[in-house]
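Student: Sharing a structure, written as structure tokens. Questions coming.
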Number of protein chains: 4
Amino acid sequence: MSDANSFGHLLKITTFGESHGPAIGVVLDGFPSQFEINWDEFHREMARRKPGQSAFTTARNESDEVEVLSGIFQGKTTGAPIAMIIRNRDQRPTDYEEMERAYRPGHADFTYQAKYGIRDPRGGGRSSARETVARVAAGALAQQFLAQQGIQISSYVSSIHHLSVPFSTEWFNRNTIDQSPIRCPHPETSQKMQDFILETKEKGDSVGGIITTMVQGLPAGLGNPVFHRFEAQMAYAMMSINATKGFEMGDGFASTQRFGSQNNDAFERLSNGKAVTSTNHSGGVLGGISNGMPVWFRVAFKPTSTISIAQNTINAQGESTELQAKGRHDPCVLPRAVPIVDAMTALTVLDFWLWQRAYQSV
Amino acid sequence: MSDANSFGHLLKITTFGESHGPAIGVVLDGFPSQFEINWDEFHREMARRKPGQSAFTTARNESDEVEVLSGIFQGKTTGAPIAMIIRNRDQRPTDYEEMERAYRPGHADFTYQAKYGIRDPRGGGRSSARETVARVAAGALAQQFLAQQGIQISSYVSSIHHLSVPFSTEWFNRNTIDQSPIRCPHPETSQKMQDFILETKEKGDSVGGIITTMVQGLPAGLGNPVFHRFEAQMAYAMMSINATKGFEMGDGFASTQRFGSQNNDAFERLSNGKAVTSTNHSGGVLGGISNGMPVWFRVAFKPTSTISIAQNTINAQGESTELQAKGRHDPCVLPRAVPIVDAMTALTVLDFWLWQRAYQSV
Amino acid sequence: MSDANSFGHLLKITTFGESHGPAIGVVLDGFPSQFEINWDEFHREMARRKPGQSAFTTARNESDEVEVLSGIFQGKTTGAPIAMIIRNRDQRPTDYEEMERAYRPGHADFTYQAKYGIRDPRGGGRSSARETVARVAAGALAQQFLAQQGIQISSYVSSIHHLSVPFSTEWFNRNTIDQSPIRCPHPETSQKMQDFILETKEKGDSVGGIITTMVQGLPAGLGNPVFHRFEAQMAYAMMSINATKGFEMGDGFASTQRFGSQNNDAFERLSNGKAVTSTNHSGGVLGGISNGMPVWFRVAFKPTSTISIAQNTINAQGESTELQAKGRHDPCVLPRAVPIVDAMTALTVLDFWLWQRAYQSV
Amino acid sequence: MSDANSFGHLLKITTFGESHGPAIGVVLDGFPSQFEINWDEFHREMARRKPGQSAFTTARNESDEVEVLSGIFQGKTTGAPIAMIIRNRDQRPTDYEEMERAYRPGHADFTYQAKYGIRDPRGGGRSSARETVARVAAGALAQQFLAQQGIQISSYVSSIHHLSVPFSTEWFNRNTIDQSPIRCPHPETSQKMQDFILETKEKGDSVGGIITTMVQGLPAGLGNPVFHRFEAQMAYAMMSINATKGFEMGDGFASTQRFGSQNNDAFERLSNGKAVTSTNHSGGVLGGISNGMPVWFRVAFKPTSTISIAQNTINAQGESTELQAKGRHDPCVLPRAVPIVDAMTALTVLDFWLWQRAYQSV
């Protein structure tokens, strides 16, 4: 508390900044000391979230130059909090005049006003996807640390609207994923998705979809049995991302349509303290704790709420009006959400990893 | 931290106890003072979770007598922590000998051993559904407080395996729900579900399903924009319940198959500071904050992992073996999970409600 | 949050119970698993806090029988929360009738009423020293764990009113300390203190004093540089005990009367990663972090507020009245506060110890 | 958790930055929305902590220009986190070469190395008093909010080495306090202190002293009975400031030399829900909760550890060496510590104030 703008326990991030204020930033606290940062890798990760990468994402020209303000000395982490800021450059506040007048359907405009009694109408304030740049920066460092421990995270766009790729462990490969402009590793589906998104964009509309994530190399024993379960914290992490509407661990909702005898993953053997099971319906967690099999889950993203099609709505006085958004908005957030999901996954996993180390047998 | 066994911020519960230890208990901290408790209502709520209610739940004869140890004076809350314990009576440890030898597939036996290096094999220790009695006791008090504020929570079993009820706001009525032994308010489907569960039980197998919940009367403004979003904390609350594998807010995964223009809920008017929208695909939250429409969501429960059918597994030495559970276990946890979902919902909502009050305009 | 009734981070206690309710209890969460508890030692520690040990403490016949409700299996900790309760037996509510009518000067009666709008007048509710039995139980386990790591805690009564013992490292020996009924290891002063307390008791009055504590065997590196400093958390721990009014780390207030050149502890050499300094004015911490020298500090306790001498006060209506307490109260809390200080010290140190382990170099 | 660099619950600050890195900063989360900030007042408060104000403080030319990065829109708080940074300008890293070679006695150099295995030797990294500029910025906003509620905080230097001012409520007046360059409101003693500090400075030595603080206008009911007591959290806040070694609430250590009958503050009457007592030995808190009388406490600061006199010490290899600091350091931190104490007091009080509002009777 207040974790309104913070996330994590032993590894904690606090983010700040509005999309049209001076800067977005993050304070990463609890990162282990003496870790040598690979800045090339860091910038590659930042570039994955950058807008304007392709026709499928917003044309807004965001500068994602990160300035590190603290916590790093001669290329290594010192144990002090790592603060990073990203200046906002390309601000066109006039684009948002319309929205100042009326509440965008599906957007946080109204709820902000209801909660705070005041609202920064430029770009949605804290609710802008711009906030996630801070998460990606922090998550990039967490991913580097985890990689050194043999833990790899990869996420891909597994469905857009009705177009989906069947699950395969083959897809969990960053190189393959990033070859697709919308981060769908199945070339054929990727192409169909691109066509579909462009078509939707032309109509001024938007689409949603699903991201599937896998964590490989995780030891058994991370998580807790009761409240702070691995899957609970991961659900929290994912549902804290803009536009997410659902989370499922392993087979999730599909497992509700199976019998126990089908759904249980039979134990086959032990390997280095990890369980090897014949199937992995559970998504690598049992009773809130990782079992050592790959962890996997899915996250649902709704279609972007800001669209260029005219919609019925009300203004601050509660009067009926019509709104047609003019800002530059992604017709589909999924491609850029992939690195955000990776980042939140890494922050969640490293927090559990540190926590477990505190309790290791003496 | 450690919130391994605690949940909440301004309203916080800490639970303790193993299924086969002396008692299960809860400490409820931060409950407002001077609240007069309705004990009849409290016991009715406890009875909803009690095992042995019908053929569809475990035959284990649990005594759910609650002893209040603190925090209440002359029938009213004092502001001090409210501790409640429930003794474990009907313990048959011999039932669990089998499980001591081998890890149950789909169960937390292995992960506990991996995490703690030690394990109480009797009934799964903390991972037993018995732990949830503590949540229901605390949640019963939270529900009473919320009811006084005009906030009502109701959950029902919306699907079992392939059998499901289409969504209707009509179902959100406790009386109708509780008339069905499996808490499915649609009589026809309820009957089919009962038949199906009994059939499954006879085979020694188990089934899962989905619970749908609605919160009515919630003011706009609860939740936070970034991490501690209403839906994130609710997902956390739900995924902290045993056997849950998925969560969706409002239309959730279904919204990924819609266009933005279809998925956005058009604002119609304001009513007492709350928004009225023409549809409610969002589930009553926008940007992490309640908008004043009914909040609704769905939770996926996997089929119970402990089944009477023989399964392949390994023992502590990693050797292959076969396991056939003998304990008394629910063929389907859904009917008894309904009050647990209600409880966790109430604890989550009241926490946000208190939080918002702290910041109200002066 | 709410840490109103909880203390600690990775090792956390939550206490509950009023002095005249059914029971006092504690939930100890985050205690390392697989630790074998020495129950004889545990009971010895509990006996140190027990009332009625001598003429210097309250005559109230408290039963301090601890019932363990969870977290321990076959004598070992399981990693699950350890809940312990102590029933209240010897309740004489009639003793408190007077206090129900009027606010005791120096006591929490009035502030409870102001905060909660309701108050359990029997024995002060949560403000009773009875609450500390829960801390001692949890602290006893923490002390056992620390002892296994070579970390020893000892506290003694270093002054009562004007009678004080000059500082000497010699006094930090539990056996010597416990040979004195008021836990002052200097026999001559101990005798004077006893006489003085009895004299005061006969007058119906009360006295305060100072407890001095030392932690030996602590590694360097525990604590944090900025907010969660070792001395800050220790001050918090101590000032969370009833009747405490002051805390000083090492030379504390006395160091304000020295020059820097006198007050700095010169480094002499390193020993096993710990600093050896020529003096220890700092109390074993530099910049919020332990340096490996013995940690020591002092805690001031005011005279017990409940006395048998008539005092001017007001009642709930704000009318002037006179109050003469009739309950059985310690004329001096210091002797029994020693094990409470030991307990809170142990809980604080073990929390920091676990925390530091989480971040140890990989 | 991790509150290593965060402070507070409903109102929380997270600070970052090293004295010789690019910037120092703070994220203030949980500040009420719609509050109009008085920037003149804010800058006046910042100026109170600024170095180089007089001969009694460090000559370092710090720029304390604050850049607000978020949370404020058109002069009003929005409810979003308020991030502020202060760039470090006048860095002379060569001054610190000596210290890189040897551990400064009384300083955090050694303990940082022991904790993190790495250390930024320039100016002490996080342990520099420079960090406190972030606290003063956040505290300035908290003070403005409290002032609007009629709550006033004032602190003054009550002693330097052997020179002290007897307690008088008269001193708690910001104007009088700030007329003295060392913030001692008693003109005669102020002059003696100035002479004494200059004398000490010439010798290359340093002195400590005591700051006394009073909070006026506080309602009754803030704080908690058990762990998170008003005085415990205040002790934590104060002991989290650099160079503090002791804290006492009200009469503190002096109360240990009084009888209960002398130390209890007799209740005289009620006034607007607050108690009026004949004396105020308790410092305005009873049982962890404010009673409505002025809150007052004292904080002990040791003499600055960095001095220009040669001292025996060791280097990183544990070899004996001598160190004579060359940086620009305050011979006495007290004058500049006053606004820091004010800031931490304000942050603590406002946190409790918000918390209490959450639980107010319905």
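Ligands are numbered from 1 in the order shown, chains are lettered A, B, ... in the order of the structure tokens, and residues start at 1 in each chain.
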Considering only C-alpha atoms, tabulate each residue of chain D that lies at most 6 Å from chain B along with its nearest interatomic pair and the corresponding distance in Å to one decimal; arrange the rows by chain and ascending residue number and present them as a tab-separated table.
Tutor:
residue	atom	partner	partner_atom	distance
D:Met1	CA	B:Met1	CA	6.0
D:Pro32	CA	B:Tyr359	CA	5.7
D:Leu354	CA	B:Ala358	CA	5.1
D:Arg357	CA	B:Ala358	CA	4.9
D:Ala358	CA	B:Ala358	CA	4.0
D:Tyr359	CA	B:Pro32	CA	5.7
Student: Near Pro339 in chain B, counting only C-alpha atoms, which residues have an atom at most 8 Å away, once you skip same-chain residues fewer than 3 positions from it, shown as a ChimeraX atom specification?
Tutor: /B:45,48-49,136,155,336,342-343
Student: Could you write out the selected residues, including all heavy atoms, as a PDB file, in the first residue's frame?
Tutor:
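Listed below is the output, out33.pdb:
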ATOM      1  N   GLU B  45     -24.670 -18.118   5.923  1.00  0.00           N
ATOM      2  CA  GLU B  45     -23.600 -18.054   4.930  1.00  0.00           C
ATOM      3  C   GLU B  45     -22.608 -19.193   5.130  1.00  0.00           C
ATOM      4  O   GLU B  45     -22.159 -19.817   4.156  1.00  0.00           O
ATOM      5  CB  GLU B  45     -22.890 -16.686   5.012  1.00  0.00           C
ATOM      6  CG  GLU B  45     -22.014 -16.343   3.824  1.00  0.00           C
ATOM      7  CD  GLU B  45     -22.754 -16.354   2.501  1.00  0.00           C
ATOM      8  OE1 GLU B  45     -23.965 -16.056   2.466  1.00  0.00           O
ATOM      9  OE2 GLU B  45     -22.107 -16.715   1.480  1.00  0.00           O
ATOM     10  N   ARG B  48     -23.748 -22.443   3.722  1.00  0.00           N
ATOM     11  CA  ARG B  48     -23.685 -22.577   2.256  1.00  0.00           C
ATOM     12  C   ARG B  48     -22.422 -23.286   1.791  1.00  0.00           C
ATOM     13  O   ARG B  48     -22.398 -23.891   0.720  1.00  0.00           O
ATOM     14  CB  ARG B  48     -23.756 -21.191   1.589  1.00  0.00           C
ATOM     15  CG  ARG B  48     -25.042 -20.449   1.840  1.00  0.00           C
ATOM     16  CD  ARG B  48     -25.017 -19.089   1.171  1.00  0.00           C
ATOM     17  NE  ARG B  48     -25.325 -19.171  -0.240  1.00  0.00           N
ATOM     18  CZ  ARG B  48     -24.755 -18.429  -1.194  1.00  0.00           C
ATOM     19  NH1 ARG B  48     -23.831 -17.541  -0.873  1.00  0.00           N
ATOM     20  NH2 ARG B  48     -25.091 -18.574  -2.454  1.00  0.00           N
ATOM     21  N   ARG B  49     -21.335 -23.149   2.564  1.00  0.00           N
ATOM     22  CA  ARG B  49     -20.083 -23.771   2.168  1.00  0.00           C
ATOM     23  C   ARG B  49     -19.889 -25.169   2.775  1.00  0.00           C
ATOM     24  O   ARG B  49     -19.046 -25.943   2.356  1.00  0.00           O
ATOM     25  CB  ARG B  49     -18.914 -22.894   2.626  1.00  0.00           C
ATOM     26  CG  ARG B  49     -17.572 -23.272   2.007  1.00  0.00           C
ATOM     27  CD  ARG B  49     -16.407 -22.932   2.909  1.00  0.00           C
ATOM     28  NE  ARG B  49     -15.430 -23.990   2.908  1.00  0.00           N
ATOM     29  CZ  ARG B  49     -15.464 -25.026   3.706  1.00  0.00           C
ATOM     30  NH1 ARG B  49     -16.391 -25.181   4.556  1.00  0.00           N
ATOM     31  NH2 ARG B  49     -14.529 -25.969   3.631  1.00  0.00           N
ATOM     32  N   VAL B 136     -14.741 -17.774   4.023  1.00  0.00           N
ATOM     33  CA  VAL B 136     -16.194 -17.583   4.024  1.00  0.00           C
ATOM     34  C   VAL B 136     -16.642 -16.878   5.299  1.00  0.00           C
ATOM     35  O   VAL B 136     -17.510 -15.988   5.259  1.00  0.00           O
ATOM     36  CB  VAL B 136     -16.920 -18.931   3.831  1.00  0.00           C
ATOM     37  CG1 VAL B 136     -18.428 -18.767   4.000  1.00  0.00           C
ATOM     38  CG2 VAL B 136     -16.608 -19.497   2.449  1.00  0.00           C
ATOM     39  N   SER B 155     -23.430 -15.075  -6.912  1.00  0.00           N
ATOM     40  CA  SER B 155     -22.675 -15.940  -7.824  1.00  0.00           C
ATOM     41  C   SER B 155     -23.470 -17.212  -8.036  1.00  0.00           C
ATOM     42  O   SER B 155     -24.176 -17.660  -7.133  1.00  0.00           O
ATOM     43  CB  SER B 155     -21.328 -16.328  -7.188  1.00  0.00           C
ATOM     44  OG  SER B 155     -20.632 -15.193  -6.754  1.00  0.00           O
ATOM     45  N   ARG B 336     -19.991 -25.791  -3.800  1.00  0.00           N
ATOM     46  CA  ARG B 336     -19.460 -25.219  -2.560  1.00  0.00           C
ATOM     47  C   ARG B 336     -18.522 -24.055  -2.821  1.00  0.00           C
ATOM     48  O   ARG B 336     -18.205 -23.283  -1.900  1.00  0.00           O
ATOM     49  CB  ARG B 336     -18.727 -26.294  -1.763  1.00  0.00           C
ATOM     50  CG  ARG B 336     -19.675 -27.280  -1.093  1.00  0.00           C
ATOM     51  CD  ARG B 336     -18.904 -28.356  -0.388  1.00  0.00           C
ATOM     52  NE  ARG B 336     -18.060 -27.798   0.646  1.00  0.00           N
ATOM     53  CZ  ARG B 336     -16.902 -28.333   1.036  1.00  0.00           C
ATOM     54  NH1 ARG B 336     -16.450 -29.433   0.461  1.00  0.00           N
ATOM     55  NH2 ARG B 336     -16.195 -27.775   1.996  1.00  0.00           N
ATOM     56  N   ASP B 342     -18.240 -15.683  -3.489  1.00  0.00           N
ATOM     57  CA  ASP B 342     -18.966 -14.550  -2.883  1.00  0.00           C
ATOM     58  C   ASP B 342     -18.112 -13.883  -1.811  1.00  0.00           C
ATOM     59  O   ASP B 342     -18.039 -12.654  -1.723  1.00  0.00           O
ATOM     60  CB  ASP B 342     -20.277 -15.040  -2.242  1.00  0.00           C
ATOM     61  CG  ASP B 342     -21.355 -15.356  -3.274  1.00  0.00           C
ATOM     62  OD1 ASP B 342     -21.283 -14.831  -4.394  1.00  0.00           O
ATOM     63  OD2 ASP B 342     -22.270 -16.132  -2.939  1.00  0.00           O
ATOM     64  N   ALA B 343     -17.468 -14.701  -0.985  1.00  0.00           N
ATOM     65  CA  ALA B 343     -16.668 -14.164   0.126  1.00  0.00           C
ATOM     66  C   ALA B 343     -15.480 -13.365  -0.382  1.00  0.00           C
ATOM     67  O   ALA B 343     -15.235 -12.239   0.062  1.00  0.00           O
ATOM     68  CB  ALA B 343     -16.186 -15.313   1.017  1.00  0.00           C
TER      69      ALA B 343
END
Student: Extract, using only C-alpha atoms, all DNA, RNA and protein residues at most 10 Å from range 311-324 of chain D, discarding same-chain residues fewer than 5 positions from it, and format them as a PDB file with C-alpha atoms, in the first residue's frame.
Tutor:
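The result, written out as part-v5.pdb:
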ATOM      1  CA  SER C 261      36.188  13.078  16.341  1.00  0.00           C
ATOM      2  CA  ASN C 264      33.216   8.102  15.263  1.00  0.00           C
ATOM      3  CA  ASP C 265      34.187   4.487  15.874  1.00  0.00           C
ATOM      4  CA  ALA C 266      37.604   3.908  14.286  1.00  0.00           C
ATOM      5  CA  PHE C 267      37.797   0.805  12.097  1.00  0.00           C
ATOM      6  CA  GLU C 268      40.509  -1.567  13.354  1.00  0.00           C
ATOM      7  CA  ARG C 269      40.281  -4.601  11.119  1.00  0.00           C
ATOM      8  CA  LEU C 270      37.948  -6.973   9.262  1.00  0.00           C
ATOM      9  CA  SER C 271      36.891 -10.314  10.690  1.00  0.00           C
ATOM     10  CA  GLY C 273      33.263  -9.881   6.610  1.00  0.00           C
ATOM     11  CA  ALA C 275      34.119  -4.700  10.882  1.00  0.00           C
ATOM     12  CA  VAL C 276      35.940  -4.527  14.168  1.00  0.00           C
ATOM     13  CA  THR C 277      35.920  -0.997  15.580  1.00  0.00           C
ATOM     14  CA  SER C 278      37.828   0.352  18.571  1.00  0.00           C
TER      15      SER C 278
ATOM     16  CA  GLU D  98      40.501   9.685  -0.579  1.00  0.00           C
ATOM     17  CA  MET D  99      37.310   8.049   0.557  1.00  0.00           C
ATOM     18  CA  GLU D 100      37.438   5.582  -2.259  1.00  0.00           C
ATOM     19  CA  ARG D 101      40.599   4.237  -0.723  1.00  0.00           C
ATOM     20  CA  ALA D 102      39.472   3.988   2.887  1.00  0.00           C
ATOM     21  CA  TYR D 103      36.278   3.492   4.863  1.00  0.00           C
ATOM     22  CA  ARG D 104      35.227   6.668   6.649  1.00  0.00           C
ATOM     23  CA  PRO D 105      34.718   5.982  10.369  1.00  0.00           C
ATOM     24  CA  ASP D 109      31.016   3.191   3.276  1.00  0.00           C
ATOM     25  CA  PHE D 110      31.863  -0.112   4.887  1.00  0.00           C
ATOM     26  CA  GLN D 113      30.257  -2.656   0.672  1.00  0.00           C
ATOM     27  CA  GLY D 204      37.809  20.452  11.340  1.00  0.00           C
ATOM     28  CA  THR D 306      32.820  13.117   7.845  1.00  0.00           C
TER      29      THR D 306
END
Student: Residues within 9 Å of Leu146 in chain B, please, as a PyMOL selection string. Count only C-alpha atoms; anything in the same chain fewer than 4 positions from it doesn't count.
Tutor: chain B and resi 141-142+150-153+346+349-350
Student: Identify, on the basis of only C-alpha atoms, every residue whose closest approach to Phe247 in chain D does not exceed 12 Å; exclude the query and any residue fewer than 2 positions from it along the same chain; express the result as a PyMOL selection string.
Tutor: (chain C and resi 231-232+234-236+238-239+244-249+252-253+297-300) or (chain D and resi 210-213+231-241+243-245+249-253+296-301+341)
Student: Fewer than 3 positions away in the same chain doesn't count, so skip those; otherwise give me all residues within 10 Å of Glu65 in chain A, counting only C-alpha atoms, as a list in words.
Tutor: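 Neighbouring residues, sequence-local ones excluded: His43, Met46, Ala47, Glu62, Val68, Met84, Ile85, Ile86, Arg87 and Asn88 of chain A.
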Student: Please, which residues of range 137-269 of chain A, numbered as in this document, come out helix (DSSP H, G or I) from DSSP, as a ChimeraX atom specification?
Tutor: /A:137-148,169-171,174-179,187-202,230-239,252-257,260-263
Student: Mind the document's chain letters and residue numbers, and return as a PyMOL selection string the residues of range 90-279 of chain B that DSSP labels strand (DSSP E).
Tutor: chain B and resi 152-160+163-164+209-216+244-249+267-271+274-277
Student: Residues within 9 Å of Thr132 in chain B, please, as a short mmCIF file (atom, residue, chain, number, x, y, z; two decimals) with N, CA and C atoms, in the first residue's frame. Count only C-alpha atoms; anything in the same chain fewer than 6 positions from it doesn't count.
Tutor:
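Writing done, so here's out.cif:
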data_model
loop_
_atom_site.label_atom_id
_atom_site.label_comp_id
_atom_site.auth_asym_id
_atom_site.auth_seq_id
_atom_site.Cartn_x
_atom_site.Cartn_y
_atom_site.Cartn_z
N THR B 15 -5.18 -16.07 6.98
CA THR B 15 -5.74 -17.36 7.36
C THR B 15 -4.64 -18.32 7.78
N ILE B 24 -8.79 -24.48 11.78
CA ILE B 24 -8.62 -23.51 10.70
C ILE B 24 -9.03 -22.17 11.27
N ARG B 49 -21.33 -23.15 2.56
CA ARG B 49 -20.08 -23.77 2.17
C ARG B 49 -19.89 -25.17 2.78
N ILE B 241 -8.15 -18.81 -5.13
CA ILE B 241 -9.01 -19.90 -4.66
C ILE B 241 -8.52 -21.21 -5.28
N ASN B 242 -8.52 -22.24 -4.49
CA ASN B 242 -8.14 -23.58 -4.99
C ASN B 242 -8.84 -23.96 -6.28
N ALA B 337 -18.06 -23.92 -4.06
CA ALA B 337 -17.17 -22.79 -4.36
C ALA B 337 -17.94 -21.48 -4.48
N ILE B 340 -17.56 -19.29 -1.58
CA ILE B 340 -16.16 -18.86 -1.46
C ILE B 340 -15.92 -17.69 -2.42
#
Student: Which of these residues is nearest to Gly288 in chain D, using only C-alpha atoms: C:Ala108, C:Leu163, C:Leu28, C:Val215?
Tutor: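 The answer is C:Ala108, which sits nearest to Gly288 in chain D.
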Student: Considering only C-alpha atoms, state which residue in the set B:Ser6, B:Ser127, B:Thr304, B:Ser180 is at the smallest distance from Ser19 in chain B.
Tutor: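 Under the stated criterion, the closest residue is B:Ser127.
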